[in-house]
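Student: Next comes input.txt, compact mmCIF, C-alpha atoms:
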# COMPACT_ATOMS: atom_id res chain seq x y z
CA MET A 1 112.84 140.23 95.76
CA ASN A 2 114.71 137.97 98.19
CA LYS A 3 113.40 134.46 98.57
CA PRO A 4 112.22 133.42 102.04
CA LYS A 5 114.82 131.42 103.94
CA VAL A 6 113.77 127.89 104.91
CA VAL A 7 115.50 125.26 107.08
CA VAL A 8 114.62 121.58 106.59
CA THR A 9 115.54 119.35 109.54
CA ARG A 10 115.89 115.98 107.72
CA ARG A 11 116.34 114.61 104.20
CA TRP A 12 113.15 114.78 102.13
CA PRO A 13 112.36 113.03 98.83
CA THR A 14 114.61 114.29 96.04
CA ALA A 15 111.76 115.76 93.99
CA VAL A 16 110.55 117.83 96.94
CA GLU A 17 114.05 119.05 97.83
CA ALA A 18 114.50 120.14 94.21
CA ARG A 19 111.28 122.14 94.38
CA LEU A 20 112.40 123.72 97.66
CA LYS A 21 115.63 124.84 95.97
CA GLU A 22 113.64 126.48 93.18
CA LEU A 23 111.30 128.40 95.46
CA TYR A 24 113.34 129.25 98.54
CA ASP A 25 116.71 130.04 100.00
CA VAL A 26 116.79 126.60 101.56
CA THR A 27 119.17 124.87 103.96
CA LEU A 28 118.87 121.11 103.59
CA ASN A 29 120.13 118.47 105.99
CA GLU A 30 122.43 116.50 103.69
CA SER A 31 123.70 114.28 106.54
CA ASP A 32 120.13 113.42 107.68
CA VAL A 33 121.33 113.54 111.30
CA PRO A 34 118.60 115.01 113.55
CA LEU A 35 119.28 118.59 114.59
CA THR A 36 120.17 119.34 118.19
CA ALA A 37 118.14 121.74 120.32
CA ASP A 38 120.76 124.45 119.75
CA GLU A 39 120.65 123.87 115.99
CA LEU A 40 116.85 124.12 116.01
CA LYS A 41 117.09 127.38 117.95
CA ARG A 42 119.56 128.78 115.41
CA ALA A 43 117.22 127.75 112.61
CA LEU A 44 114.39 129.72 114.22
CA GLN A 45 116.70 132.71 114.57
CA THR A 46 117.97 132.66 110.97
CA ALA A 47 115.12 131.32 108.82
CA ASP A 48 111.65 132.52 107.91
CA ALA A 49 110.28 128.97 108.11
CA LEU A 50 111.33 125.82 109.97
CA LEU A 51 110.26 122.52 108.40
CA PRO A 52 110.63 119.75 111.00
CA THR A 53 109.44 116.16 111.09
CA VAL A 54 107.28 114.40 113.67
CA THR A 55 110.42 113.13 115.43
CA ASP A 56 111.93 116.59 115.98
CA PRO A 57 111.02 117.79 119.49
CA ILE A 58 110.11 121.47 119.14
CA THR A 59 109.87 122.33 122.82
CA ALA A 60 108.76 125.52 124.55
CA ASP A 61 112.41 126.27 125.33
CA ILE A 62 113.29 126.08 121.64
CA LEU A 63 110.28 128.15 120.59
CA ARG A 64 111.09 130.89 123.12
CA VAL A 65 114.57 131.47 121.72
CA PRO A 66 115.36 135.21 121.67
CA ASN A 67 115.60 137.13 118.40
CA ARG A 68 113.44 134.61 116.59
CA LYS A 69 112.98 135.30 112.88
CA ALA A 70 110.83 132.33 111.82
CA ARG A 71 107.10 132.93 111.49
CA ILE A 72 105.86 129.49 110.45
CA ILE A 73 106.61 125.84 111.27
CA GLY A 74 105.58 123.45 108.52
CA ASN A 75 105.53 120.02 110.14
CA PHE A 76 106.23 117.04 107.86
CA GLY A 77 103.58 114.67 109.21
CA VAL A 78 99.96 114.52 110.26
CA GLY A 79 100.79 114.37 113.96
CA TYR A 80 102.14 117.46 115.67
CA ASN A 81 102.53 116.42 119.30
CA ASN A 82 106.28 116.88 118.76
CA ILE A 83 105.59 120.64 118.85
CA ASP A 84 104.57 122.53 121.98
CA ILE A 85 101.46 124.06 120.42
CA ALA A 86 100.67 126.25 123.43
CA ALA A 87 104.15 127.78 123.27
CA ALA A 88 103.87 128.23 119.50
CA LYS A 89 100.61 130.15 119.94
CA GLU A 90 102.16 132.19 122.75
CA GLN A 91 104.99 133.16 120.39
CA GLY A 92 102.62 133.97 117.53
CA LEU A 93 103.98 131.17 115.35
CA VAL A 94 101.84 129.52 112.69
CA VAL A 95 102.03 125.70 112.68
CA THR A 96 100.80 123.41 109.89
CA ASN A 97 100.68 119.64 109.35
CA THR A 98 100.03 117.25 106.45
CA PRO A 99 96.70 115.44 106.95
CA GLY A 100 94.96 113.22 104.43
CA VAL A 101 97.87 112.35 102.15
CA LEU A 102 99.20 109.52 104.32
CA THR A 103 95.86 107.92 105.18
CA ASP A 104 95.96 104.96 102.80
CA CYS A 105 99.54 103.93 103.40
CA THR A 106 99.22 104.09 107.19
CA ALA A 107 96.01 102.04 107.00
CA ASP A 108 97.91 99.50 104.87
CA ILE A 109 100.57 99.23 107.60
CA ALA A 110 97.90 98.73 110.27
CA MET A 111 96.53 95.79 108.29
CA LEU A 112 100.04 94.47 107.66
CA LEU A 113 100.78 94.45 111.39
CA LEU A 114 97.42 92.87 112.14
CA LEU A 115 98.15 90.04 109.71
CA MET A 116 101.75 89.67 110.87
CA SER A 117 100.68 89.36 114.49
CA ALA A 118 97.74 87.05 113.82
CA ARG A 119 99.71 84.69 111.58
CA ARG A 120 103.01 84.89 113.53
CA ALA A 121 104.82 86.14 110.44
CA SER A 122 107.77 87.68 112.31
CA GLU A 123 108.42 84.38 114.08
CA GLY A 124 108.25 82.50 110.81
CA ASP A 125 110.63 84.88 109.07
CA ARG A 126 113.19 84.59 111.88
CA LEU A 127 112.89 80.80 111.85
CA VAL A 128 113.60 80.54 108.12
CA ARG A 129 116.47 83.04 108.19
CA SER A 130 118.14 81.31 111.13
CA GLY A 131 118.13 77.96 109.34
CA GLN A 132 116.11 76.37 112.15
CA TRP A 133 113.00 75.51 110.13
CA THR A 134 112.68 71.73 109.91
CA GLY A 135 109.64 71.56 107.65
CA TRP A 136 105.86 71.68 107.66
CA GLY A 137 103.94 70.22 110.58
CA PRO A 138 100.23 70.12 111.50
CA THR A 139 100.71 72.13 114.71
CA HIS A 140 103.65 74.30 113.71
CA LEU A 141 103.35 78.09 114.32
CA LEU A 142 99.59 78.02 114.54
CA GLY A 143 98.20 81.52 114.41
CA GLN A 144 94.70 82.92 114.29
CA LYS A 145 92.30 83.43 111.43
CA VAL A 146 91.62 87.06 110.52
CA THR A 147 88.67 86.73 108.15
CA GLY A 148 85.35 87.18 109.90
CA LYS A 149 86.84 88.31 113.21
CA THR A 150 86.03 91.52 115.13
CA LEU A 151 88.23 94.60 114.77
CA GLY A 152 87.98 97.34 117.39
CA LEU A 153 89.29 100.79 116.47
CA ILE A 154 90.16 103.30 119.18
CA GLY A 155 89.81 106.62 117.41
CA PHE A 156 87.80 106.84 114.20
CA GLY A 157 89.42 109.50 112.04
CA ARG A 158 90.61 109.16 108.45
CA ILE A 159 93.19 106.41 109.04
CA ALA A 160 90.89 104.36 111.24
CA GLN A 161 88.10 104.62 108.68
CA ALA A 162 90.47 103.51 105.91
CA THR A 163 91.59 100.58 108.07
CA ALA A 164 87.97 99.66 108.74
CA LYS A 165 87.25 99.66 105.01
CA ARG A 166 90.14 97.29 104.30
CA ALA A 167 89.19 95.00 107.18
CA HIS A 168 85.46 94.87 106.45
CA HIS A 169 85.47 94.70 102.66
CA GLY A 170 88.72 92.73 102.34
CA PHE A 171 88.42 90.32 105.26
CA GLY A 172 84.74 90.39 106.21
CA MET A 173 85.57 91.71 109.65
CA ARG A 174 83.01 93.08 112.08
CA ILE A 175 83.89 96.69 112.94
CA LEU A 176 83.63 98.30 116.37
CA PHE A 177 84.91 101.76 117.20
CA TYR A 178 85.28 104.16 120.09
CA THR A 179 85.79 107.90 119.77
CA PRO A 180 85.12 110.72 122.21
CA ARG A 181 84.49 112.97 119.23
CA ASN A 182 81.45 113.25 117.00
CA ALA A 183 80.91 110.16 114.90
CA PRO A 184 81.44 110.43 111.13
CA SER A 185 78.55 110.49 108.72
CA GLN A 186 76.02 107.69 108.68
CA GLU A 187 77.13 106.89 105.14
CA ILE A 188 80.65 106.12 106.38
CA LEU A 189 79.32 104.00 109.24
CA ASP A 190 76.93 102.09 106.98
CA ASP A 191 79.68 101.35 104.44
CA VAL A 192 81.59 99.20 106.96
CA LYS A 193 78.63 98.42 109.24
CA ALA A 194 80.54 100.08 112.10
CA ILE A 195 79.13 99.85 115.62
CA ARG A 196 80.01 102.52 118.15
CA CYS A 197 81.05 101.44 121.65
CA ALA A 198 80.20 103.65 124.60
CA THR A 199 83.55 103.06 126.31
CA ILE A 200 87.03 101.77 125.52
CA GLU A 201 86.43 98.97 128.00
CA GLU A 202 83.37 97.79 126.09
CA LEU A 203 85.39 97.66 122.86
CA LEU A 204 88.32 95.84 124.46
CA GLY A 205 86.04 93.13 125.80
CA GLU A 206 84.54 92.33 122.38
CA ALA A 207 87.38 92.77 119.87
CA ASP A 208 89.69 90.08 118.53
CA PHE A 209 91.99 92.81 117.22
CA VAL A 210 92.38 96.30 118.70
CA SER A 211 93.92 98.97 116.49
CA LEU A 212 94.94 102.34 117.92
CA HIS A 213 94.24 105.50 115.90
CA CYS A 214 94.08 108.22 118.54
CA PRO A 215 96.29 111.33 118.58
CA GLY A 216 99.32 111.66 120.79
CA SER A 217 98.51 113.98 123.67
CA ALA A 218 98.92 114.33 127.41
CA GLU A 219 95.45 112.88 127.98
CA ASN A 220 96.14 109.88 125.73
CA ARG A 221 99.52 109.02 127.26
CA HIS A 222 99.37 105.37 128.39
CA LEU A 223 95.72 105.19 127.37
CA ILE A 224 96.31 101.45 127.04
CA ASP A 225 97.60 100.54 130.47
CA GLU A 226 97.66 97.36 132.55
CA ALA A 227 94.02 97.61 133.57
CA ARG A 228 92.86 97.98 129.98
CA LEU A 229 95.14 95.25 128.67
CA LYS A 230 93.53 92.91 131.19
CA ARG A 231 90.15 93.78 129.63
CA MET A 232 91.26 92.31 126.29
CA ARG A 233 90.55 88.74 125.26
CA PRO A 234 93.31 86.13 125.70
CA ASN A 235 93.30 85.56 121.92
CA ALA A 236 93.34 89.29 121.08
CA HIS A 237 96.04 91.33 119.35
CA LEU A 238 96.96 94.99 119.88
CA ILE A 239 98.04 97.08 116.87
CA ASN A 240 99.58 100.56 117.19
CA THR A 241 100.25 102.85 114.24
CA ALA A 242 99.24 105.99 116.15
CA ARG A 243 101.81 107.23 118.68
CA GLY A 244 104.10 105.18 120.89
CA ASP A 245 103.21 106.85 124.17
CA VAL A 246 99.55 105.82 123.84
CA VAL A 247 100.67 102.41 125.19
CA ASP A 248 102.30 101.68 128.54
CA ASN A 249 105.39 99.71 127.45
CA GLN A 250 105.91 97.91 130.75
CA ALA A 251 102.29 96.85 130.92
CA LEU A 252 102.24 95.61 127.31
CA CYS A 253 105.43 93.64 127.82
CA LYS A 254 103.91 92.00 130.91
CA ALA A 255 100.66 91.27 129.05
CA LEU A 256 102.53 89.50 126.25
CA LYS A 257 104.88 87.59 128.53
CA GLU A 258 102.07 86.37 130.74
CA ARG A 259 99.78 85.75 127.73
CA TRP A 260 96.95 88.04 128.81
CA ILE A 261 96.77 88.71 125.07
CA ALA A 262 98.01 86.70 122.10
CA GLY A 263 100.17 89.26 120.33
CA ALA A 264 100.91 92.82 119.31
CA GLY A 265 102.13 94.73 116.28
CA LEU A 266 103.85 98.09 116.67
CA ASP A 267 105.03 100.67 114.15
CA VAL A 268 105.58 103.45 116.71
CA TYR A 269 107.37 103.60 120.05
CA GLU A 270 107.57 105.86 123.04
CA GLY A 271 110.91 107.67 122.87
CA GLU A 272 111.72 106.28 119.41
CA PRO A 273 114.11 105.35 117.89
CA ALA A 274 114.73 103.71 121.27
CA VAL A 275 112.63 100.56 121.65
CA TYR A 276 111.60 99.21 125.05
CA PRO A 277 114.19 96.42 125.65
CA GLY A 278 111.61 93.92 126.83
CA PHE A 279 109.89 93.98 123.43
CA LEU A 280 113.01 92.61 121.75
CA GLU A 281 112.86 89.46 123.85
CA LEU A 282 109.29 88.57 122.86
CA ASP A 283 108.32 86.24 120.04
CA ASN A 284 104.68 87.35 120.01
CA MET A 285 105.41 90.87 118.75
CA ALA A 286 105.65 92.22 115.22
CA LEU A 287 107.90 95.29 115.17
CA LEU A 288 108.31 97.79 112.31
CA PRO A 289 110.48 100.96 112.24
CA HIS A 290 107.75 103.64 111.87
CA LEU A 291 106.90 102.76 108.26
CA GLY A 292 103.30 104.04 108.28
CA SER A 293 103.73 106.66 105.55
CA ALA A 294 106.93 105.22 104.06
CA THR A 295 106.10 104.98 100.38
CA GLU A 296 107.61 107.17 97.69
CA GLU A 297 104.20 108.47 96.64
CA THR A 298 103.11 109.39 100.16
CA ARG A 299 106.35 111.02 101.32
CA VAL A 300 106.43 113.16 98.16
CA ALA A 301 102.79 114.11 98.75
CA MET A 302 103.60 115.03 102.36
CA GLY A 303 106.47 117.25 101.25
CA ASN A 304 104.31 118.92 98.62
CA ARG A 305 101.63 119.55 101.25
CA VAL A 306 104.18 121.36 103.42
CA LEU A 307 105.22 123.40 100.38
CA GLU A 308 101.61 124.31 99.67
CA ASN A 309 101.11 125.46 103.26
CA ILE A 310 104.18 127.68 103.45
CA GLU A 311 103.58 129.03 99.93
CA ARG A 312 100.13 130.18 100.97
CA PHE A 313 101.54 131.68 104.16
CA PHE A 314 104.24 133.68 102.38
CA ALA A 315 101.59 134.87 99.90
CA GLY A 316 99.60 136.32 102.80
CA GLN A 317 96.91 133.62 102.65
CA GLU A 318 95.64 131.22 105.31
CA PRO A 319 97.54 127.90 105.14
CA ARG A 320 95.33 124.94 104.25
CA ASP A 321 96.39 122.81 107.22
CA ARG A 322 96.89 125.28 110.03
CA VAL A 323 96.82 123.76 113.53
CA ALA A 324 98.12 126.84 115.41
Once you've parsed the file, please lay out its structure as structure tokens.
Tutor:
Amino acid sequence: MNKPKVVVTRRWPTAVEARLKELYDVTLNESDVPLTADELKRALQTADALLPTVTDPITADILRVPNRKARIIGNFGVGYNNIDIAAAKEQGLVVTNTPGVLTDCTADIAMLLLLMSARRASEGDRLVRSGQWTGWGPTHLLGQKVTGKTLGLIGFGRIAQATAKRAHHGFGMRILFYTPRNAPSQEILDDVKAIRCATIEELLGEADFVSLHCPGSAENRHLIDEARLKRMRPNAHLINTARGDVVDNQALCKALKERWIAGAGLDVYEGEPAVYPGFLELDNMALLPHLGSATEETRVAMGNRVLENIERFFAGQEPRDRVA
């Protein structure tokens, strides 16, 4: 029996690629250069499954390619706003993601950015590397204490809950959250003594640190805009490990330049890998290159989760993580 044909859009961990070779007639991306729209269309026409990443734009135009052969898209990542889900459903395509396995590592990065921003770590690193550090001084690079402060989480899914646990139990932080969805169990709330805010504005006015954990979507685009940045405290910091387009770049740049807020830490960017040029000129920003899930353990687990989903699909079973 012929093996299903699978196209992988980027390099994956070696162990996962080896497993793909065992199970499928697989085309790997040895160069790791992102595929063009035409290459993605050809993949849909020639393969039974397309395995993209969260940075591959799978648009309606790509999904509507004639003579499509592919029946499933196994997205490597928990987010799937890179895929036009409405068009996928229209075309009868199954779409899966990889939730759960990257929760801890992304929460770790949220705390890393929070600490970097609060303690001006990026500034300090640049100072030492440039040879401009002249020694310790009582008022040099004064940052802000994290322990005991208030953390506000916008969105309260798995990653936000894991961040809250680290902040509350590790740093004694008071936890606020806002979500338009149903709140998690009382047990989860009690564990971190989380307090629900009725509005985003209420949360922004009380938090020393605001961490974004909402999905990328049309309704969440520029959720944090100029008006909401002005609601934040002058000593507050904004942390984003969710999706870049949740924040209005121009407004954030203005807020940091004019010191409406003290700092920001970003791991994701609108239109990445392009970074808003104004951010590069600011000292009060900590910038990371989308490292949220970037550990060996997590990336292997993500790849294995994709494999599990497509294996179930090809066996005629419902994939575990179906989103379309």
Student: Would you mind listing what lies within 10 Å of range 169-182 of chain A as JSON, numbers by chain, with all atoms listed in the file counted and same-chain residues fewer than 4 positions away left out?
Tutor: {"A": [146, 147, 148, 149, 150, 151, 152, 153, 154, 155, 156, 157, 160, 161, 163, 164, 165, 189, 191, 192, 193, 194, 195, 196, 197, 198, 199, 200, 201, 202, 203, 204, 206, 207, 208, 209, 210, 211, 213, 214]}
Student: Hey, could you make a per-residue contact list for range 49-114 of chain A against range 294-317 of chain A with 12 Å as the cut-off, showing the nearest pair of atoms and its distance in Å to one decimal, counting only C-alpha atoms, sorted by chain and number, as CSV?
Tutor:
residue,atom,partner,partner_atom,distance
A:Ala49,CA,A:Ile310,CA,7.8
A:Leu50,CA,A:Ile310,CA,9.9
A:Leu51,CA,A:Val306,CA,7.9
A:Pro52,CA,A:Val306,CA,10.1
A:Thr53,CA,A:Gly303,CA,10.3
A:Val54,CA,A:Met302,CA,11.9
A:Ala70,CA,A:Phe314,CA,11.6
A:Arg71,CA,A:Phe313,CA,9.3
A:Ile72,CA,A:Ile310,CA,7.4
A:Ile73,CA,A:Ile310,CA,8.4
A:Gly74,CA,A:Val306,CA,5.7
A:Asn75,CA,A:Val306,CA,7.0
A:Phe76,CA,A:Met302,CA,6.4
A:Gly77,CA,A:Met302,CA,6.9
A:Val78,CA,A:Met302,CA,8.7
A:Gly79,CA,A:Met302,CA,12.0
A:Leu93,CA,A:Phe313,CA,11.5
A:Val94,CA,A:Phe313,CA,8.8
A:Val95,CA,A:Asn309,CA,9.5
A:Thr96,CA,A:Asn309,CA,6.9
A:Asn97,CA,A:Val306,CA,7.1
A:Thr98,CA,A:Met302,CA,5.9
A:Pro99,CA,A:Met302,CA,8.3
A:Gly100,CA,A:Met302,CA,9.1
A:Val101,CA,A:Ala301,CA,6.2
A:Leu102,CA,A:Thr298,CA,5.7
A:Thr103,CA,A:Thr298,CA,8.9
A:Asp104,CA,A:Thr298,CA,8.8
A:Cys105,CA,A:Thr298,CA,7.3
A:Thr106,CA,A:Ala294,CA,8.4
A:Ala107,CA,A:Ala294,CA,11.7
A:Asp108,CA,A:Ala294,CA,10.7
A:Ile109,CA,A:Ala294,CA,9.4
Student: Go ahead and write the selection's residues with C-alpha atoms as a PDB file, keeping the file's coordinate frame.
Tutor:
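Heads up, here's the output in result_34.pdb:
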ATOM      1  CA  ALA A  49     110.280 128.970 108.110  1.00  0.00           C
ATOM      2  CA  LEU A  50     111.330 125.820 109.970  1.00  0.00           C
ATOM      3  CA  LEU A  51     110.260 122.520 108.400  1.00  0.00           C
ATOM      4  CA  PRO A  52     110.630 119.750 111.000  1.00  0.00           C
ATOM      5  CA  THR A  53     109.440 116.160 111.090  1.00  0.00           C
ATOM      6  CA  VAL A  54     107.280 114.400 113.670  1.00  0.00           C
ATOM      7  CA  ALA A  70     110.830 132.330 111.820  1.00  0.00           C
ATOM      8  CA  ARG A  71     107.100 132.930 111.490  1.00  0.00           C
ATOM      9  CA  ILE A  72     105.860 129.490 110.450  1.00  0.00           C
ATOM     10  CA  ILE A  73     106.610 125.840 111.270  1.00  0.00           C
ATOM     11  CA  GLY A  74     105.580 123.450 108.520  1.00  0.00           C
ATOM     12  CA  ASN A  75     105.530 120.020 110.140  1.00  0.00           C
ATOM     13  CA  PHE A  76     106.230 117.040 107.860  1.00  0.00           C
ATOM     14  CA  GLY A  77     103.580 114.670 109.210  1.00  0.00           C
ATOM     15  CA  VAL A  78      99.960 114.520 110.260  1.00  0.00           C
ATOM     16  CA  GLY A  79     100.790 114.370 113.960  1.00  0.00           C
ATOM     17  CA  LEU A  93     103.980 131.170 115.350  1.00  0.00           C
ATOM     18  CA  VAL A  94     101.840 129.520 112.690  1.00  0.00           C
ATOM     19  CA  VAL A  95     102.030 125.700 112.680  1.00  0.00           C
ATOM     20  CA  THR A  96     100.800 123.410 109.890  1.00  0.00           C
ATOM     21  CA  ASN A  97     100.680 119.640 109.350  1.00  0.00           C
ATOM     22  CA  THR A  98     100.030 117.250 106.450  1.00  0.00           C
ATOM     23  CA  PRO A  99      96.700 115.440 106.950  1.00  0.00           C
ATOM     24  CA  GLY A 100      94.960 113.220 104.430  1.00  0.00           C
ATOM     25  CA  VAL A 101      97.870 112.350 102.150  1.00  0.00           C
ATOM     26  CA  LEU A 102      99.200 109.520 104.320  1.00  0.00           C
ATOM     27  CA  THR A 103      95.860 107.920 105.180  1.00  0.00           C
ATOM     28  CA  ASP A 104      95.960 104.960 102.800  1.00  0.00           C
ATOM     29  CA  CYS A 105      99.540 103.930 103.400  1.00  0.00           C
ATOM     30  CA  THR A 106      99.220 104.090 107.190  1.00  0.00           C
ATOM     31  CA  ALA A 107      96.010 102.040 107.000  1.00  0.00           C
ATOM     32  CA  ASP A 108      97.910  99.500 104.870  1.00  0.00           C
ATOM     33  CA  ILE A 109     100.570  99.230 107.600  1.00  0.00           C
TER      34      ILE A 109
END
Student: Extract, using all atoms listed in the file, all DNA, RNA and protein residues at most 12 Å from range 129-141 of chain A, discarding same-chain residues fewer than 4 positions from it, and format them as a list in words.
Tutor: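 These residues fall inside the cut-off: Ser117, Ala118, Arg119, Arg120, Ala121, Ser122, Glu123, Gly124, Asp125, Asp283 and Asn284 of chain A.
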Student: So how far away is CA of Leu113 in chain A from CA of Asn235 in chain A, in Å?
Tutor: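 CA of Leu113 in chain A lies 15.7 Å from CA of Asn235 in chain A.
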Student: What gap, in Å, lies between CA of Pro277 in chain A and CA of Glu39 in chain A?
Tutor: 29.8 Å
Student: CA of Arg231 in chain A and CA of Leu256 in chain A are how many Å apart?
Tutor: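 One can read the CA of Arg231 in chain A to CA of Leu256 in chain A distance as 13.5 Å.
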Student: Could you tell me which of A:Met232, A:Pro319, A:Asp190, A:Ala286 comes closest to Arg126 in chain A if we count only C-alpha atoms?
Tutor: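 Residue with the minimum atom-to-atom distance to Arg126 in chain A: A:Ala286.
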